[in-house]
$ cat protein-v4.pdb   # PDB, C-alpha atoms, pLDDT in the B column
ATOM      1  CA  MET A   1       0.000   0.000   0.000  1.00 81.00           C
ATOM      2  CA  LYS A   2       1.148   3.504  -0.802  1.00 92.00           C
ATOM      3  CA  GLU A   3       0.889   5.867   2.154  1.00 95.00           C
ATOM      4  CA  ILE A   4       1.641   9.553   2.698  1.00 94.00           C
ATOM      5  CA  ASN A   5       2.251  11.075   6.127  1.00 94.00           C
ATOM      6  CA  TYR A   6       1.253  14.733   6.184  1.00 94.00           C
ATOM      7  CA  LYS A   7       0.388  17.073   9.065  1.00 93.00           C
ATOM      8  CA  GLY A   8       0.062  14.198  11.535  1.00 94.00           C
ATOM      9  CA  ASN A   9      -2.336  12.223   9.354  1.00 95.00           C
ATOM     10  CA  ILE A  10      -1.576   9.083   7.409  1.00 96.00           C
ATOM     11  CA  TYR A  11      -3.277   8.862   4.029  1.00 97.00           C
ATOM     12  CA  GLN A  12      -3.481   5.714   1.949  1.00 97.00           C
ATOM     13  CA  LEU A  13      -4.062   5.684  -1.784  1.00 96.00           C
ATOM     14  CA  ASP A  14      -7.120   3.599  -2.641  1.00 94.00           C
ATOM     15  CA  LYS A  15      -6.073   0.687  -4.837  1.00 90.00           C
ATOM     16  CA  GLU A  16      -9.691   0.097  -5.848  1.00 91.00           C
ATOM     17  CA  TYR A  17      -9.943   3.638  -7.232  1.00 92.00           C
ATOM     18  CA  TRP A  18      -6.593   3.811  -9.055  1.00 91.00           C
ATOM     19  CA  LYS A  19      -6.846   0.930 -11.493  1.00 87.00           C
ATOM     20  CA  GLY A  20      -4.262   2.145 -13.986  1.00 83.00           C
ATOM     21  CA  ASP A  21      -6.489   1.649 -17.031  1.00 84.00           C
ATOM     22  CA  LEU A  22      -6.288   5.306 -18.099  1.00 81.00           C
ATOM     23  CA  LEU A  23      -3.358   7.609 -18.786  1.00 77.00           C
ATOM     24  CA  ASN A  24      -1.689   8.624 -15.493  1.00 84.00           C
ATOM     25  CA  ASP A  25      -4.301   6.621 -13.562  1.00 87.00           C
ATOM     26  CA  SER A  26      -2.006   4.208 -11.739  1.00 91.00           C
ATOM     27  CA  ILE A  27      -1.499   4.182  -7.999  1.00 93.00           C
ATOM     28  CA  GLU A  28       2.264   4.408  -8.560  1.00 93.00           C
ATOM     29  CA  PHE A  29       1.924   7.560 -10.677  1.00 93.00           C
ATOM     30  CA  GLN A  30      -0.320   9.246  -8.101  1.00 95.00           C
ATOM     31  CA  TYR A  31       2.076   8.327  -5.290  1.00 96.00           C
ATOM     32  CA  GLU A  32       5.011   9.790  -7.223  1.00 95.00           C
ATOM     33  CA  GLN A  33       3.047  13.013  -7.766  1.00 96.00           C
ATOM     34  CA  LEU A  34       2.321  13.391  -4.046  1.00 96.00           C
ATOM     35  CA  GLU A  35       5.916  12.581  -3.082  1.00 96.00           C
ATOM     36  CA  TYR A  36       7.167  15.138  -5.623  1.00 97.00           C
ATOM     37  CA  CYS A  37       5.052  17.832  -3.952  1.00 97.00           C
ATOM     38  CA  ILE A  38       6.674  16.966  -0.615  1.00 96.00           C
ATOM     39  CA  GLU A  39      10.197  16.874  -2.062  1.00 97.00           C
ATOM     40  CA  THR A  40       9.819  20.272  -3.736  1.00 97.00           C
ATOM     41  CA  GLY A  41       7.972  21.879  -0.833  1.00 97.00           C
ATOM     42  CA  ASP A  42       4.820  22.508  -2.867  1.00 97.00           C
ATOM     43  CA  PHE A  43       2.500  22.000   0.077  1.00 97.00           C
ATOM     44  CA  GLN A  44      -0.377  24.022  -1.385  1.00 98.00           C
ATOM     45  CA  THR A  45      -0.620  21.617  -4.321  1.00 97.00           C
ATOM     46  CA  LEU A  46      -0.252  18.655  -1.956  1.00 97.00           C
ATOM     47  CA  GLU A  47      -3.103  19.900   0.227  1.00 97.00           C
ATOM     48  CA  ASN A  48      -5.282  20.557  -2.824  1.00 97.00           C
ATOM     49  CA  ARG A  49      -4.656  17.057  -4.179  1.00 97.00           C
ATOM     50  CA  ILE A  50      -5.327  15.379  -0.847  1.00 97.00           C
ATOM     51  CA  ASN A  51      -8.528  17.397  -0.309  1.00 97.00           C
ATOM     52  CA  ASN A  52      -9.795  16.644  -3.813  1.00 97.00           C
ATOM     53  CA  MET A  53      -8.987  12.940  -3.467  1.00 96.00           C
ATOM     54  CA  LEU A  54     -10.804  12.822  -0.135  1.00 96.00           C
ATOM     55  CA  LYS A  55     -13.817  14.511  -1.710  1.00 97.00           C
ATOM     56  CA  TRP A  56     -13.952  12.655  -5.037  1.00 96.00           C
ATOM     57  CA  GLY A  57     -12.129   9.416  -4.284  1.00 95.00           C
ATOM     58  CA  GLY A  58      -8.630   8.063  -4.558  1.00 94.00           C
ATOM     59  CA  ILE A  59      -7.297   8.443  -1.013  1.00 97.00           C
ATOM     60  CA  LYS A  60      -8.397   7.507   2.515  1.00 96.00           C
ATOM     61  CA  ILE A  61      -7.358   8.725   5.949  1.00 96.00           C
ATOM     62  CA  ILE A  62      -6.146   5.705   7.891  1.00 94.00           C
ATOM     63  CA  LYS A  63      -4.838   7.494  10.997  1.00 85.00           C
ATOM     64  CA  LYS A  64      -5.483  10.931  12.460  1.00 75.00           C
TER      65      LYS A  64
END
$ encode --input "protein-v4.pdb" --output "structure tokens"
Amino acid sequence: MKEINYKGNIYQLDKEYWKGDLLNDSIEFQYEQLEYCIETGDFQTLENRINNMLKWGGIKIIKK
């Protein structure tokens, strides 16, 4: 499972949502995108992506 730790929460990418059947729709690609935001310090984009994935699907909070 691919997990991101951010602001004291642990988020897990939903393997049922990211099936990889469309362009840039794999769980690995999405994980790399989130990790890139952390590496470059682009926390606004990271927060936007996490919030949108929580709202529309693709990520779950597994620990607060």
$ residues_around --input "protein-v4.pdb" --residues "Leu46 in chain A" --least-positions-apart "3" --cutoff "12 Å" --atoms "all atoms listed in the file" --output "PyMOL selection string"
chain A and resi 4-7+11+30-43+49-53
$ write_last_selection --input "protein-v4.pdb" --atoms "C-alpha atoms" --output "PDB file, in the coordinates of the input"
ATOM      1  CA  ILE A   4       1.641   9.553   2.698  1.00 94.00           C
ATOM      2  CA  ASN A   5       2.251  11.075   6.127  1.00 94.00           C
ATOM      3  CA  TYR A   6       1.253  14.733   6.184  1.00 94.00           C
ATOM      4  CA  LYS A   7       0.388  17.073   9.065  1.00 93.00           C
ATOM      5  CA  TYR A  11      -3.277   8.862   4.029  1.00 97.00           C
ATOM      6  CA  GLN A  30      -0.320   9.246  -8.101  1.00 95.00           C
ATOM      7  CA  TYR A  31       2.076   8.327  -5.290  1.00 96.00           C
ATOM      8  CA  GLU A  32       5.011   9.790  -7.223  1.00 95.00           C
ATOM      9  CA  GLN A  33       3.047  13.013  -7.766  1.00 96.00           C
ATOM     10  CA  LEU A  34       2.321  13.391  -4.046  1.00 96.00           C
ATOM     11  CA  GLU A  35       5.916  12.581  -3.082  1.00 96.00           C
ATOM     12  CA  TYR A  36       7.167  15.138  -5.623  1.00 97.00           C
ATOM     13  CA  CYS A  37       5.052  17.832  -3.952  1.00 97.00           C
ATOM     14  CA  ILE A  38       6.674  16.966  -0.615  1.00 96.00           C
ATOM     15  CA  GLU A  39      10.197  16.874  -2.062  1.00 97.00           C
ATOM     16  CA  THR A  40       9.819  20.272  -3.736  1.00 97.00           C
ATOM     17  CA  GLY A  41       7.972  21.879  -0.833  1.00 97.00           C
ATOM     18  CA  ASP A  42       4.820  22.508  -2.867  1.00 97.00           C
ATOM     19  CA  PHE A  43       2.500  22.000   0.077  1.00 97.00           C
ATOM     20  CA  ARG A  49      -4.656  17.057  -4.179  1.00 97.00           C
ATOM     21  CA  ILE A  50      -5.327  15.379  -0.847  1.00 97.00           C
ATOM     22  CA  ASN A  51      -8.528  17.397  -0.309  1.00 97.00           C
ATOM     23  CA  ASN A  52      -9.795  16.644  -3.813  1.00 97.00           C
ATOM     24  CA  MET A  53      -8.987  12.940  -3.467  1.00 96.00           C
TER      25      MET A  53
END
$ atom_distance --input "protein-v4.pdb" --atom1 "CA of Lys15 in chain A" --atom2 "CA of Leu54 in chain A"
13.8 Å
$ closest_residue --input "protein-v4.pdb" --among "A:Glu3, A:Leu13, A:Lys63, A:Thr45" --to "Ser26 in chain A" --atoms "all atoms listed in the file"
A:Leu13
$ atom_distance --input "protein-v4.pdb" --atom1 "CA of Trp56 in chain A" --atom2 "CA of Trp18 in chain A"
12.2 Å
$ atom_distance --input "protein-v4.pdb" --atom1 "CA of Lys60 in chain A" --atom2 "CA of Lys19 in chain A"
15.6 Å
$ axis_aligned_box --input "protein-v4.pdb" --around "range 29-36 of chain A" --padding-each-side "5 Å" --output "lines of an AutoDock Vina configuration file"
center_x = 3.4
center_y = 11.3
center_z = -6.9
size_x = 17.5
size_y = 17.6
size_z = 17.6
$ closest_residue --input "protein-v4.pdb" --among "A:Asp14, A:Ile62, A:Asn9, A:Glu28" --to "Glu47 in chain A" --atoms "all atoms listed in the file"
A:Asn9
